[in-house]
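Enquirer: The file below is model-v6.txt, compact mmCIF, C-alpha atoms (C1' of nucleotides):
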# COMPACT_ATOMS: atom_id res chain seq x y z
CA MET A 1 85.03 -62.88 -6.60
CA VAL A 2 83.91 -61.24 -3.39
CA VAL A 3 82.91 -57.62 -3.85
CA VAL A 4 81.93 -56.71 -0.31
CA THR A 5 84.95 -55.92 1.81
CA ASP A 6 85.61 -58.70 4.25
CA MET A 7 83.76 -57.03 7.14
CA ASP A 8 85.38 -56.59 10.50
CA PRO A 9 82.59 -57.42 12.95
CA GLU A 10 84.11 -54.95 15.40
CA ALA A 11 84.29 -52.13 12.88
CA LEU A 12 81.76 -50.18 14.90
CA ALA A 13 82.70 -51.19 18.44
CA SER A 14 86.31 -50.23 17.85
CA THR A 15 85.50 -46.60 17.05
CA ALA A 16 85.96 -43.87 19.63
CA THR A 17 82.48 -42.70 18.64
CA PHE A 18 80.85 -45.91 19.79
CA GLN A 19 83.00 -46.19 22.89
CA LEU A 20 82.39 -42.61 23.96
CA GLY A 21 78.68 -43.21 23.58
CA THR A 22 78.58 -46.41 25.58
CA VAL A 23 81.08 -45.36 28.24
CA GLY A 24 79.26 -42.04 28.56
CA ALA A 25 75.99 -43.87 29.11
CA VAL A 26 77.41 -46.11 31.81
CA VAL A 27 79.13 -43.23 33.57
CA THR A 28 75.96 -41.13 33.44
CA GLU A 29 74.01 -44.04 34.88
CA ARG A 30 76.43 -44.29 37.80
CA PHE A 31 76.33 -40.58 38.39
CA THR A 32 72.53 -40.69 38.26
CA ARG A 33 72.44 -43.27 41.02
CA ALA A 34 74.94 -41.35 43.12
CA VAL A 35 73.10 -38.02 43.07
CA ALA A 36 69.74 -39.75 43.52
CA ALA A 37 70.86 -40.17 47.13
CA HIS A 38 70.40 -36.39 47.43
CA ASP A 39 67.15 -36.41 45.49
CA LEU A 40 68.76 -34.90 42.41
CA LYS A 41 69.13 -35.78 38.73
CA PRO A 42 72.26 -35.08 36.68
CA LYS A 43 70.53 -32.11 35.07
CA HIS A 44 70.04 -30.53 38.48
CA ALA A 45 73.75 -30.77 39.08
CA GLY A 46 74.35 -29.21 35.68
CA VAL A 47 72.02 -26.33 36.53
CA LEU A 48 73.86 -25.64 39.78
CA GLN A 49 77.15 -25.78 37.92
CA ALA A 50 75.97 -23.26 35.33
CA LEU A 51 74.50 -20.97 37.98
CA LEU A 52 77.73 -20.91 39.97
CA LEU A 53 79.69 -20.30 36.81
CA PHE A 54 77.43 -17.52 35.48
CA PRO A 55 75.70 -15.86 38.41
CA GLY A 56 72.68 -13.74 37.57
CA ILE A 57 71.97 -15.68 34.37
CA SER A 58 68.33 -15.78 33.23
CA GLN A 59 66.32 -18.97 32.85
CA GLN A 60 66.35 -18.59 29.09
CA GLU A 61 70.11 -18.21 28.95
CA LEU A 62 70.46 -21.05 31.41
CA ALA A 63 68.36 -23.32 29.22
CA GLN A 64 70.30 -22.30 26.15
CA SER A 65 73.65 -22.89 27.82
CA MET A 66 72.55 -26.42 28.65
CA GLY A 67 70.97 -27.08 25.28
CA VAL A 68 67.47 -27.76 26.59
CA ALA A 69 64.08 -26.14 26.04
CA PRO A 70 63.20 -23.26 28.38
CA SER A 71 60.07 -25.13 29.37
CA LEU A 72 62.21 -27.90 30.82
CA MET A 73 64.17 -25.47 32.98
CA VAL A 74 60.99 -24.51 34.80
CA GLY A 75 60.58 -27.94 36.34
CA LEU A 76 64.27 -28.32 37.13
CA LEU A 77 64.27 -25.02 39.03
CA ASP A 78 60.97 -25.84 40.71
CA HIS A 79 62.61 -28.90 42.15
CA LEU A 80 65.79 -27.12 43.19
CA GLU A 81 63.72 -24.38 44.79
CA ALA A 82 61.63 -26.92 46.70
CA ALA A 83 64.92 -28.36 47.98
CA ASP A 84 66.04 -24.90 49.15
CA ALA A 85 68.98 -25.09 46.79
CA VAL A 86 67.91 -22.05 44.85
CA ARG A 87 65.78 -18.92 45.17
CA ARG A 88 63.91 -17.21 42.38
CA GLU A 89 63.29 -13.46 42.57
CA ARG A 90 61.91 -11.10 39.99
CA ASP A 91 64.57 -8.94 38.43
CA PRO A 92 63.61 -5.39 39.53
CA GLY A 93 65.23 -4.00 36.38
CA ASP A 94 63.20 -6.27 34.07
CA ARG A 95 60.24 -7.82 35.77
CA ARG A 96 59.85 -10.53 33.14
CA ARG A 97 63.06 -12.17 34.28
CA GLN A 98 63.68 -14.32 37.29
CA VAL A 99 66.98 -13.80 39.04
CA ILE A 100 68.19 -17.12 40.36
CA GLU A 101 70.30 -17.28 43.44
CA VAL A 102 72.12 -20.38 44.68
CA THR A 103 71.68 -20.80 48.41
CA ALA A 104 74.16 -22.23 50.90
CA GLU A 105 72.22 -25.49 50.70
CA GLY A 106 72.61 -25.35 46.93
CA ARG A 107 76.36 -25.02 47.26
CA ARG A 108 76.38 -27.90 49.69
CA LEU A 109 74.45 -30.12 47.28
CA PHE A 110 76.70 -29.08 44.42
CA ALA A 111 79.77 -30.03 46.45
CA LEU A 112 78.23 -33.45 47.10
CA CYS A 113 77.61 -33.93 43.38
CA ALA A 114 81.19 -32.96 42.60
CA GLU A 115 82.42 -35.44 45.21
CA SER A 116 80.34 -38.22 43.69
CA ALA A 117 81.70 -37.40 40.26
CA ALA A 118 85.25 -37.45 41.57
CA ALA A 119 84.70 -40.81 43.24
CA ILE A 120 83.32 -42.32 40.04
CA GLU A 121 86.23 -40.88 38.11
CA SER A 122 88.71 -42.58 40.43
CA GLU A 123 87.14 -45.95 39.82
CA LEU A 124 87.09 -45.37 36.08
CA LEU A 125 90.68 -44.28 35.70
CA ASP A 126 92.04 -46.68 38.27
CA GLY A 127 93.29 -49.24 35.80
CA LEU A 128 94.96 -46.61 33.66
CA GLY A 129 97.92 -45.94 35.90
CA GLU A 130 100.03 -42.96 34.96
CA ARG A 131 98.26 -42.65 31.60
CA ALA A 132 95.24 -41.25 33.43
CA GLY A 133 96.63 -37.72 33.37
CA GLU A 134 97.09 -37.72 29.62
CA PHE A 135 93.62 -39.14 29.17
CA ARG A 136 92.02 -36.45 31.29
CA LEU A 137 93.82 -33.70 29.41
CA ALA A 138 92.78 -35.07 26.04
CA LEU A 139 89.18 -35.53 27.19
CA ALA A 140 89.01 -31.97 28.52
CA GLU A 141 90.37 -30.73 25.22
CA ILE A 142 87.73 -32.62 23.26
CA ALA A 143 84.99 -31.27 25.53
CA GLY A 144 86.34 -27.77 25.04
CA ASN A 145 86.43 -28.17 21.27
CA LEU A 146 82.77 -29.15 21.39
CA GLY A 147 81.92 -25.98 23.31
CA LEU A 148 81.13 -27.92 26.47
CA PRO A 149 82.09 -26.80 29.95
CA SER A 150 85.51 -28.27 30.71
CA GLY A 151 87.54 -26.81 33.53
CA LYS A 152 91.17 -27.82 33.60
CA PRO A 153 91.72 -31.03 35.53
CA ARG A 154 92.77 -30.27 39.09
CA MET B 1 85.71 -18.46 60.44
CA VAL B 2 84.66 -19.93 57.14
CA VAL B 3 83.70 -23.57 57.44
CA VAL B 4 82.66 -24.34 53.88
CA THR B 5 85.63 -24.97 51.63
CA ASP B 6 86.12 -22.15 49.19
CA MET B 7 84.17 -23.81 46.36
CA ASP B 8 85.66 -24.20 42.91
CA PRO B 9 82.74 -23.42 40.58
CA GLU B 10 84.19 -25.89 38.08
CA ALA B 11 84.57 -28.69 40.59
CA LEU B 12 82.02 -30.73 38.68
CA ALA B 13 82.76 -29.72 35.10
CA SER B 14 86.42 -30.55 35.52
CA THR B 15 85.78 -34.20 36.35
CA ALA B 16 86.20 -36.92 33.76
CA THR B 17 82.81 -38.20 34.92
CA PHE B 18 81.02 -35.05 33.85
CA GLN B 19 82.99 -34.71 30.65
CA LEU B 20 82.46 -38.31 29.61
CA GLY B 21 78.75 -37.84 30.17
CA THR B 22 78.45 -34.63 28.17
CA VAL B 23 80.84 -35.63 25.40
CA GLY B 24 79.13 -38.99 25.17
CA ALA B 25 75.76 -37.29 24.79
CA VAL B 26 76.98 -34.99 22.02
CA VAL B 27 78.69 -37.82 20.17
CA THR B 28 75.61 -40.00 20.44
CA GLU B 29 73.49 -37.17 19.11
CA ARG B 30 75.76 -36.83 16.08
CA PHE B 31 75.74 -40.54 15.49
CA THR B 32 71.96 -40.57 15.80
CA ARG B 33 71.65 -37.96 13.06
CA ALA B 34 74.13 -39.79 10.85
CA VAL B 35 72.40 -43.17 10.96
CA ALA B 36 68.97 -41.58 10.67
CA ALA B 37 69.91 -41.11 7.01
CA HIS B 38 69.56 -44.89 6.70
CA ASP B 39 66.40 -44.98 8.80
CA LEU B 40 68.21 -46.46 11.78
CA LYS B 41 68.71 -45.59 15.44
CA PRO B 42 71.94 -46.18 17.36
CA LYS B 43 70.38 -49.20 19.05
CA HIS B 44 69.79 -50.79 15.65
CA ALA B 45 73.48 -50.42 14.88
CA GLY B 46 74.25 -51.97 18.25
CA VAL B 47 71.99 -54.92 17.48
CA LEU B 48 73.70 -55.55 14.15
CA GLN B 49 77.07 -55.32 15.83
CA ALA B 50 76.10 -57.87 18.49
CA LEU B 51 74.58 -60.19 15.89
CA LEU B 52 77.71 -60.16 13.75
CA LEU B 53 79.85 -60.71 16.82
CA PHE B 54 77.73 -63.55 18.25
CA PRO B 55 75.92 -65.27 15.38
CA GLY B 56 73.01 -67.48 16.38
CA ILE B 57 72.39 -65.58 19.60
CA SER B 58 68.82 -65.60 20.92
CA GLN B 59 66.72 -62.48 21.40
CA GLN B 60 66.93 -62.86 25.15
CA GLU B 61 70.70 -63.11 25.12
CA LEU B 62 70.84 -60.26 22.65
CA ALA B 63 68.79 -58.08 24.96
CA GLN B 64 70.89 -59.03 27.93
CA SER B 65 74.14 -58.33 26.11
CA MET B 66 72.88 -54.84 25.34
CA GLY B 67 71.45 -54.22 28.78
CA VAL B 68 67.87 -53.66 27.65
CA ALA B 69 64.57 -55.40 28.32
CA PRO B 70 63.66 -58.30 26.01
CA SER B 71 60.43 -56.52 25.19
CA LEU B 72 62.42 -53.67 23.64
CA MET B 73 64.34 -56.01 21.39
CA VAL B 74 61.12 -57.10 19.71
CA GLY B 75 60.52 -53.68 18.21
CA LEU B 76 64.16 -53.18 17.24
CA LEU B 77 64.19 -56.48 15.34
CA ASP B 78 60.79 -55.77 13.81
CA HIS B 79 62.25 -52.65 12.30
CA LEU B 80 65.44 -54.33 11.11
CA GLU B 81 63.38 -57.11 9.61
CA ALA B 82 61.14 -54.64 7.79
CA ALA B 83 64.31 -53.09 6.37
CA ASP B 84 65.49 -56.51 5.13
CA ALA B 85 68.52 -56.23 7.36
CA VAL B 86 67.65 -59.31 9.33
CA ARG B 87 65.60 -62.50 9.09
CA ARG B 88 63.90 -64.30 11.96
CA GLU B 89 63.41 -68.04 11.77
CA ARG B 90 62.21 -70.46 14.40
CA ASP B 91 65.03 -72.53 15.80
CA PRO B 92 64.11 -76.10 14.74
CA GLY B 93 65.91 -77.46 17.80
CA ASP B 94 63.95 -75.25 20.21
CA ARG B 95 60.85 -73.79 18.66
CA ARG B 96 60.52 -71.09 21.33
CA ARG B 97 63.62 -69.37 20.05
CA GLN B 98 64.03 -67.17 17.04
CA VAL B 99 67.23 -67.61 15.14
CA ILE B 100 68.29 -64.25 13.77
CA GLU B 101 70.25 -64.00 10.59
CA VAL B 102 71.91 -60.84 9.31
CA THR B 103 71.30 -60.42 5.59
CA ALA B 104 73.61 -58.89 3.00
CA GLU B 105 71.57 -55.71 3.32
CA GLY B 106 72.15 -55.84 7.06
CA ARG B 107 75.88 -56.06 6.56
CA ARG B 108 75.70 -53.17 4.14
CA LEU B 109 73.81 -51.04 6.66
CA PHE B 110 76.23 -52.02 9.40
CA ALA B 111 79.16 -50.95 7.24
CA LEU B 112 77.49 -47.59 6.67
CA CYS B 113 77.03 -47.14 10.42
CA ALA B 114 80.66 -47.99 11.03
CA GLU B 115 81.68 -45.46 8.37
CA SER B 116 79.60 -42.76 10.00
CA ALA B 117 81.14 -43.54 13.36
CA ALA B 118 84.62 -43.37 11.87
CA ALA B 119 83.88 -40.01 10.25
CA ILE B 120 82.60 -38.55 13.51
CA GLU B 121 85.65 -39.90 15.30
CA SER B 122 87.95 -38.14 12.85
CA GLU B 123 86.30 -34.81 13.55
CA LEU B 124 86.45 -35.38 17.28
CA LEU B 125 90.09 -36.36 17.47
CA ASP B 126 91.23 -33.94 14.83
CA GLY B 127 92.52 -31.33 17.25
CA LEU B 128 94.39 -33.89 19.31
CA GLY B 129 97.25 -34.48 16.92
CA GLU B 130 99.51 -37.39 17.75
CA ARG B 131 97.91 -37.74 21.20
CA ALA B 132 94.85 -39.24 19.51
CA GLY B 133 96.36 -42.72 19.50
CA GLU B 134 97.00 -42.69 23.23
CA PHE B 135 93.52 -41.40 23.85
CA ARG B 136 91.91 -44.14 21.81
CA LEU B 137 93.89 -46.84 23.59
CA ALA B 138 92.97 -45.48 27.01
CA LEU B 139 89.31 -45.16 26.04
CA ALA B 140 89.19 -48.72 24.71
CA GLU B 141 90.76 -49.91 27.94
CA ILE B 142 88.15 -48.11 30.03
CA ALA B 143 85.35 -49.55 27.91
CA GLY B 144 86.86 -53.00 28.32
CA ASN B 145 87.12 -52.60 32.09
CA LEU B 146 83.42 -51.75 32.16
CA GLY B 147 82.60 -54.94 30.28
CA LEU B 148 81.57 -53.03 27.16
CA PRO B 149 82.39 -54.15 23.61
CA SER B 150 85.71 -52.55 22.70
CA GLY B 151 87.66 -53.92 19.79
CA LYS B 152 91.25 -52.79 19.51
CA PRO B 153 91.58 -49.55 17.56
CA ARG B 154 92.41 -50.30 13.95
C1' DA C 1 52.18 -86.75 32.58
C1' DT C 2 52.12 -82.77 34.99
C1' DG C 3 54.10 -78.61 36.96
C1' DA C 4 57.85 -75.34 36.52
C1' DA C 5 60.83 -72.81 33.58
C1' DT C 6 61.92 -70.32 29.24
C1' DC C 7 61.09 -67.68 25.05
C1' DA C 8 58.93 -64.07 22.22
C1' DT C 9 55.36 -60.94 22.33
C1' DT C 10 51.79 -57.49 23.72
C1' DC C 11 50.25 -53.95 26.64
C1' DA C 12 49.82 -50.24 30.04
C1' DC C 13 52.54 -47.13 32.08
C1' DG C 14 56.20 -43.58 33.49
C1' DA C 15 60.23 -40.54 32.65
C1' DG C 16 62.09 -37.00 29.98
C1' DC C 17 61.95 -33.84 26.53
C1' DT C 18 59.86 -30.78 22.84
C1' DG C 19 57.07 -27.15 20.56
C1' DA C 20 52.95 -24.49 20.55
C1' DA C 21 49.86 -21.53 23.24
C1' DT C 22 49.31 -17.95 27.11
C1' DG C 23 49.86 -13.92 30.01
C1' DA C 24 52.82 -10.47 31.76
C1' DT C 25 56.13 -7.21 30.73
C1' DT C 26 59.31 -4.53 27.87
C1' DT C 27 61.09 -2.56 23.52
C1' DT C 28 60.56 -0.47 19.07
C1' DC C 29 59.14 3.06 16.25
C1' DG C 30 55.40 5.44 13.48
C1' DC D 1 52.58 9.13 23.09
C1' DG D 2 50.72 4.78 21.87
C1' DA D 3 50.22 0.56 19.17
C1' DA D 4 52.58 -3.41 17.51
C1' DA D 5 56.31 -6.57 18.01
C1' DA D 6 59.52 -8.94 20.92
C1' DT D 7 60.89 -11.34 25.20
C1' DC D 8 60.34 -13.94 29.42
C1' DA D 9 58.43 -17.60 32.38
C1' DT D 10 54.97 -20.86 32.46
C1' DT D 11 51.49 -24.45 31.20
C1' DC D 12 49.99 -28.08 28.40
C1' DA D 13 49.46 -31.75 24.99
C1' DG D 14 52.14 -34.97 22.70
C1' DC D 15 56.16 -37.78 21.30
C1' DT D 16 59.88 -41.17 22.12
C1' DC D 17 62.13 -44.49 24.60
C1' DG D 18 62.28 -47.52 28.02
C1' DT D 19 60.38 -50.76 31.75
C1' DG D 20 57.76 -54.58 34.09
C1' DA D 21 53.77 -57.44 34.27
C1' DA D 22 50.67 -60.53 31.74
C1' DT D 23 50.07 -64.09 27.87
C1' DG D 24 50.62 -68.06 24.93
C1' DA D 25 53.61 -71.39 23.03
C1' DT D 26 57.05 -74.55 23.89
C1' DT D 27 60.48 -77.25 26.51
C1' DC D 28 62.44 -79.26 30.79
C1' DA D 29 62.40 -81.77 35.26
C1' DT D 30 60.79 -85.33 37.93
Could I get this file's structure written as structure tokens?
Expert:
Amino acid sequence: MVVVTDMDPEALASTATFQLGTVGAVVTERFTRAVAAHDLKPKHAGVLQALLLFPGISQQELAQSMGVAPSLMVGLLDHLEAADAVRRERDPGDRRRQVIEVTAEGRRLFALCAESAAAIESELLDGLGERAGEFRLALAEIAGNLGLPSGKPR
Amino acid sequence: MVVVTDMDPEALASTATFQLGTVGAVVTERFTRAVAAHDLKPKHAGVLQALLLFPGISQQELAQSMGVAPSLMVGLLDHLEAADAVRRERDPGDRRRQVIEVTAEGRRLFALCAESAAAIESELLDGLGERAGEFRLALAEIAGNLGLPSGKPR
DNA sequence: ATGAATCATTCACGAGCTGAATGATTTTCG
DNA sequence: CGAAAATCATTCAGCTCGTGAATGATTCAT
């Protein structure tokens, strides 16, 4: 008598957990290559996104909103500042804080990142036909439930 | 006259690209914590999955199928072997190759990983109601289009 | 039989991230 | 008021994960 359940060798690969992980990795890799053309990493795009969404946010809050250590944010902003995408100025009301301002160049770079993301999305959802809309809505809902930034699909 | 298009600050966050990346990262993090209880990393689970799916595969092919360097596979298999999840034996027909065999303990560990993944999936799709089925089908289709392992949802 | 190819392995290295100091500033409260 | 605690940005050492280049053993091609 066989005790162990007759194991489905795809028991793991067929889960949404596994597929979200692997698909997410591939998509992130593509996005990484795309924004590398503008000398940026995905995290830089995320920083710009957060800054546009919450203007006047502090570095600490920024780091917390992205789930990374404050020490990491320093280097990310250093790079964005060197690229003229961002300016750091001491907050006159609390001179410990840096007030971060997104420049016109920063908005330009952000727009390029968003374009790259949109292009990758088109390729991804191409084969889905009219089910793409449903998929995007469900995905946005999941992201929202996880407390992640998820604007409504345009 | 304003040249720059009036920028949607969620232009990036609203893309499926961005959401797949962030959701994928969160899901992977949860899965990482879950399998850590069995002293495994997600890659170990992936190795077991590939081995069960393609028995008798070589380390090189295994590495290639997972998109990692062969040198990385050495350490992953070392760990699985130390955990009695896997046995390495020289292929008598080609003594350069290692033939990798998944043990009963390996199948047990794999089943535990699959269970964890299923549990995480339940939480994720909980809020989706009856749209969960559609979502899973679309996700599996995307994974398949990318050449990733994607068994049909059970 | 010899030179090229293939396999597993080791090793040095880089990218990315963390947590613990540090110094400057602000807040709390005795 | 003034001293102690908290907060912010920053630096720094260290960890993990991954790569690519050597190495040695073995097999293949001619």
Enquirer: Skipping near chain neighbours, those fewer than 5 positions away, what residues fall within 12 Å of segment 13-29 of chain C using all atoms listed in the file, listed as a PyMOL selection string?
Expert: (chain A and resi 41+43+67-73+75-76+90-97) or (chain D and resi 1-21)
Enquirer: Would you mind reading off the distance between atom CA of Ile142 of chain B and atom CA of Gln19 of chain A, one decimal, in Å?
Expert: 9.0 Å
Enquirer: All Cα atoms, paired in order, least squares: that's the fit I need for chain A onto chain B, output as a tab-separated table (two decimals) with C-alpha atoms, in the coordinates of the input.
Expert:
chain	number	residue	atom	x	y	z
A	1	MET	CA	85.87	-18.08	60.10
A	2	VAL	CA	84.65	-19.75	56.94
A	3	VAL	CA	83.79	-23.40	57.43
A	4	VAL	CA	82.67	-24.33	53.94
A	5	THR	CA	85.61	-25.02	51.67
A	6	ASP	CA	86.06	-22.21	49.22
A	7	MET	CA	84.13	-23.93	46.41
A	8	ASP	CA	85.61	-24.31	42.98
A	9	PRO	CA	82.68	-23.56	40.67
A	10	GLU	CA	84.16	-25.97	38.14
A	11	ALA	CA	84.55	-28.79	40.63
A	12	LEU	CA	81.99	-30.82	38.72
A	13	ALA	CA	82.73	-29.77	35.15
A	14	SER	CA	86.39	-30.61	35.56
A	15	THR	CA	85.74	-34.27	36.38
A	16	ALA	CA	86.16	-36.98	33.77
A	17	THR	CA	82.77	-38.26	34.92
A	18	PHE	CA	80.99	-35.10	33.86
A	19	GLN	CA	82.98	-34.74	30.67
A	20	LEU	CA	82.43	-38.34	29.61
A	21	GLY	CA	78.73	-37.86	30.17
A	22	THR	CA	78.43	-34.66	28.19
A	23	VAL	CA	80.83	-35.62	25.41
A	24	GLY	CA	79.11	-39.00	25.16
A	25	ALA	CA	75.76	-37.27	24.78
A	26	VAL	CA	76.97	-34.98	22.02
A	27	VAL	CA	78.70	-37.80	20.17
A	28	THR	CA	75.61	-40.00	20.44
A	29	GLU	CA	73.50	-37.15	19.11
A	30	ARG	CA	75.77	-36.81	16.08
A	31	PHE	CA	75.76	-40.52	15.48
A	32	THR	CA	71.97	-40.54	15.79
A	33	ARG	CA	71.67	-37.95	13.05
A	34	ALA	CA	74.12	-39.79	10.82
A	35	VAL	CA	72.40	-43.17	10.94
A	36	ALA	CA	68.97	-41.55	10.66
A	37	ALA	CA	69.90	-41.09	7.00
A	38	HIS	CA	69.55	-44.88	6.71
A	39	ASP	CA	66.39	-44.97	8.80
A	40	LEU	CA	68.20	-46.44	11.80
A	41	LYS	CA	68.71	-45.55	15.46
A	42	PRO	CA	71.96	-46.16	17.35
A	43	LYS	CA	70.40	-49.19	19.03
A	44	HIS	CA	69.80	-50.77	15.64
A	45	ALA	CA	73.47	-50.41	14.87
A	46	GLY	CA	74.28	-51.96	18.23
A	47	VAL	CA	72.01	-54.91	17.48
A	48	LEU	CA	73.71	-55.53	14.14
A	49	GLN	CA	77.08	-55.29	15.84
A	50	ALA	CA	76.11	-57.85	18.47
A	51	LEU	CA	74.59	-60.18	15.89
A	52	LEU	CA	77.72	-60.13	13.75
A	53	LEU	CA	79.85	-60.69	16.81
A	54	PHE	CA	77.74	-63.54	18.23
A	55	PRO	CA	75.93	-65.25	15.38
A	56	GLY	CA	73.03	-67.47	16.35
A	57	ILE	CA	72.41	-65.56	19.59
A	58	SER	CA	68.82	-65.59	20.90
A	59	GLN	CA	66.73	-62.46	21.39
A	60	GLN	CA	66.95	-62.85	25.14
A	61	GLU	CA	70.73	-63.11	25.10
A	62	LEU	CA	70.87	-60.25	22.64
A	63	ALA	CA	68.80	-58.06	24.94
A	64	GLN	CA	70.92	-59.03	27.91
A	65	SER	CA	74.16	-58.32	26.08
A	66	MET	CA	72.91	-54.83	25.32
A	67	GLY	CA	71.47	-54.23	28.77
A	68	VAL	CA	67.89	-53.66	27.63
A	69	ALA	CA	64.59	-55.39	28.33
A	70	PRO	CA	63.69	-58.29	26.02
A	71	SER	CA	60.46	-56.52	25.19
A	72	LEU	CA	62.44	-53.68	23.65
A	73	MET	CA	64.37	-56.04	21.39
A	74	VAL	CA	61.14	-57.09	19.72
A	75	GLY	CA	60.54	-53.68	18.22
A	76	LEU	CA	64.18	-53.17	17.25
A	77	LEU	CA	64.20	-56.47	15.34
A	78	ASP	CA	60.79	-55.75	13.82
A	79	HIS	CA	62.26	-52.63	12.32
A	80	LEU	CA	65.45	-54.31	11.12
A	81	GLU	CA	63.39	-57.11	9.61
A	82	ALA	CA	61.13	-54.63	7.81
A	83	ALA	CA	64.31	-53.08	6.38
A	84	ASP	CA	65.48	-56.50	5.15
A	85	ALA	CA	68.53	-56.22	7.37
A	86	VAL	CA	67.65	-59.30	9.34
A	87	ARG	CA	65.61	-62.50	9.11
A	88	ARG	CA	63.93	-64.27	11.98
A	89	GLU	CA	63.42	-68.04	11.80
A	90	ARG	CA	62.24	-70.45	14.43
A	91	ASP	CA	65.04	-72.53	15.85
A	92	PRO	CA	64.15	-76.11	14.79
A	93	GLY	CA	65.96	-77.45	17.85
A	94	ASP	CA	63.97	-75.25	20.26
A	95	ARG	CA	60.88	-73.80	18.71
A	96	ARG	CA	60.53	-71.11	21.37
A	97	ARG	CA	63.63	-69.36	20.09
A	98	GLN	CA	64.04	-67.18	17.06
A	99	VAL	CA	67.26	-67.59	15.15
A	100	ILE	CA	68.30	-64.23	13.79
A	101	GLU	CA	70.26	-63.99	10.62
A	102	VAL	CA	71.91	-60.83	9.30
A	103	THR	CA	71.28	-60.42	5.60
A	104	ALA	CA	73.59	-58.90	3.00
A	105	GLU	CA	71.56	-55.70	3.31
A	106	GLY	CA	72.13	-55.84	7.06
A	107	ARG	CA	75.87	-56.05	6.55
A	108	ARG	CA	75.68	-53.16	4.13
A	109	LEU	CA	73.80	-51.01	6.64
A	110	PHE	CA	76.22	-51.99	9.39
A	111	ALA	CA	79.15	-50.93	7.22
A	112	LEU	CA	77.48	-47.56	6.65
A	113	CYS	CA	77.02	-47.11	10.40
A	114	ALA	CA	80.66	-47.97	11.01
A	115	GLU	CA	81.68	-45.44	8.35
A	116	SER	CA	79.59	-42.74	9.98
A	117	ALA	CA	81.14	-43.52	13.34
A	118	ALA	CA	84.62	-43.35	11.86
A	119	ALA	CA	83.88	-40.01	10.24
A	120	ILE	CA	82.61	-38.55	13.50
A	121	GLU	CA	85.65	-39.90	15.29
A	122	SER	CA	87.96	-38.12	12.86
A	123	GLU	CA	86.31	-34.80	13.56
A	124	LEU	CA	86.46	-35.39	17.29
A	125	LEU	CA	90.10	-36.37	17.50
A	126	ASP	CA	91.25	-33.92	14.88
A	127	GLY	CA	92.54	-31.32	17.30
A	128	LEU	CA	94.39	-33.90	19.34
A	129	GLY	CA	97.26	-34.47	16.96
A	130	GLU	CA	99.51	-37.38	17.79
A	131	ARG	CA	97.91	-37.76	21.23
A	132	ALA	CA	94.85	-39.25	19.54
A	133	GLY	CA	96.36	-42.74	19.52
A	134	GLU	CA	97.00	-42.73	23.24
A	135	PHE	CA	93.51	-41.43	23.86
A	136	ARG	CA	91.90	-44.16	21.81
A	137	LEU	CA	93.87	-46.86	23.59
A	138	ALA	CA	92.95	-45.53	27.01
A	139	LEU	CA	89.29	-45.19	26.03
A	140	ALA	CA	89.17	-48.74	24.70
A	141	GLU	CA	90.72	-49.95	27.92
A	142	ILE	CA	88.12	-48.15	30.01
A	143	ALA	CA	85.32	-49.58	27.87
A	144	GLY	CA	86.80	-53.04	28.28
A	145	ASN	CA	87.06	-52.65	32.04
A	146	LEU	CA	83.37	-51.79	32.10
A	147	GLY	CA	82.53	-54.98	30.21
A	148	LEU	CA	81.53	-53.05	27.10
A	149	PRO	CA	82.36	-54.13	23.57
A	150	SER	CA	85.69	-52.55	22.66
A	151	GLY	CA	87.63	-53.94	19.74
A	152	LYS	CA	91.22	-52.81	19.50
A	153	PRO	CA	91.57	-49.58	17.56
A	154	ARG	CA	92.48	-50.29	13.95
Enquirer: To one decimal place, how far is atom CA of Leu128 of chain A from atom CA of Arg30 of chain B in Å?
Expert: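 Atom-to-atom, atom CA of Leu128 of chain A and atom CA of Arg30 of chain B are spaced 27.8 Å apart.
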Enquirer: What does the distance between atom CA of Leu12 of chain A and atom CA of Ala25 of chain B come to in Å, to one decimal place?
Expert: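 Answer for the atom CA of Leu12 of chain A to atom CA of Ala25 of chain B separation: 17.3 Å.
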Enquirer: Counting only C-alpha atoms, figure out which residue out of A:Val86, A:Asp39, A:Val27, A:Gly106 gets nearest to chain B.
Expert: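 Residue with the minimum atom-to-atom distance to chain B: A:Val27.
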Enquirer: Taking only C-alpha atoms into account, which residues of chain A are within 7 Å of chain B, as a PyMOL selection string?
Expert: chain A and resi 9-21+23-25+27-28+49+52-53+114+117-118+120-121+124+135-136+138+140+142-143+149-153
Enquirer: I'd like the contact shell of Ile100 of chain A - 10 Å cut-off, only C-alpha atoms (C1' of nucleotides), skipping same-chain residues fewer than 4 positions apart - returned as a PDB file with C-alpha atoms, in the frame of the given file.
Expert:
ATOM      1  CA  LEU A  51      74.500 -20.970  37.980  1.00  0.00           C
ATOM      2  CA  PRO A  55      75.700 -15.860  38.410  1.00  0.00           C
ATOM      3  CA  GLY A  56      72.680 -13.740  37.570  1.00  0.00           C
ATOM      4  CA  ILE A  57      71.970 -15.680  34.370  1.00  0.00           C
ATOM      5  CA  SER A  58      68.330 -15.780  33.230  1.00  0.00           C
ATOM      6  CA  GLN A  59      66.320 -18.970  32.850  1.00  0.00           C
ATOM      7  CA  LEU A  77      64.270 -25.020  39.030  1.00  0.00           C
ATOM      8  CA  GLU A  81      63.720 -24.380  44.790  1.00  0.00           C
ATOM      9  CA  VAL A  86      67.910 -22.050  44.850  1.00  0.00           C
ATOM     10  CA  ARG A  87      65.780 -18.920  45.170  1.00  0.00           C
ATOM     11  CA  ARG A  88      63.910 -17.210  42.380  1.00  0.00           C
ATOM     12  CA  GLU A  89      63.290 -13.460  42.570  1.00  0.00           C
ATOM     13  CA  ARG A  90      61.910 -11.100  39.990  1.00  0.00           C
ATOM     14  CA  ASP A  91      64.570  -8.940  38.430  1.00  0.00           C
TER      15      ASP A  91
END
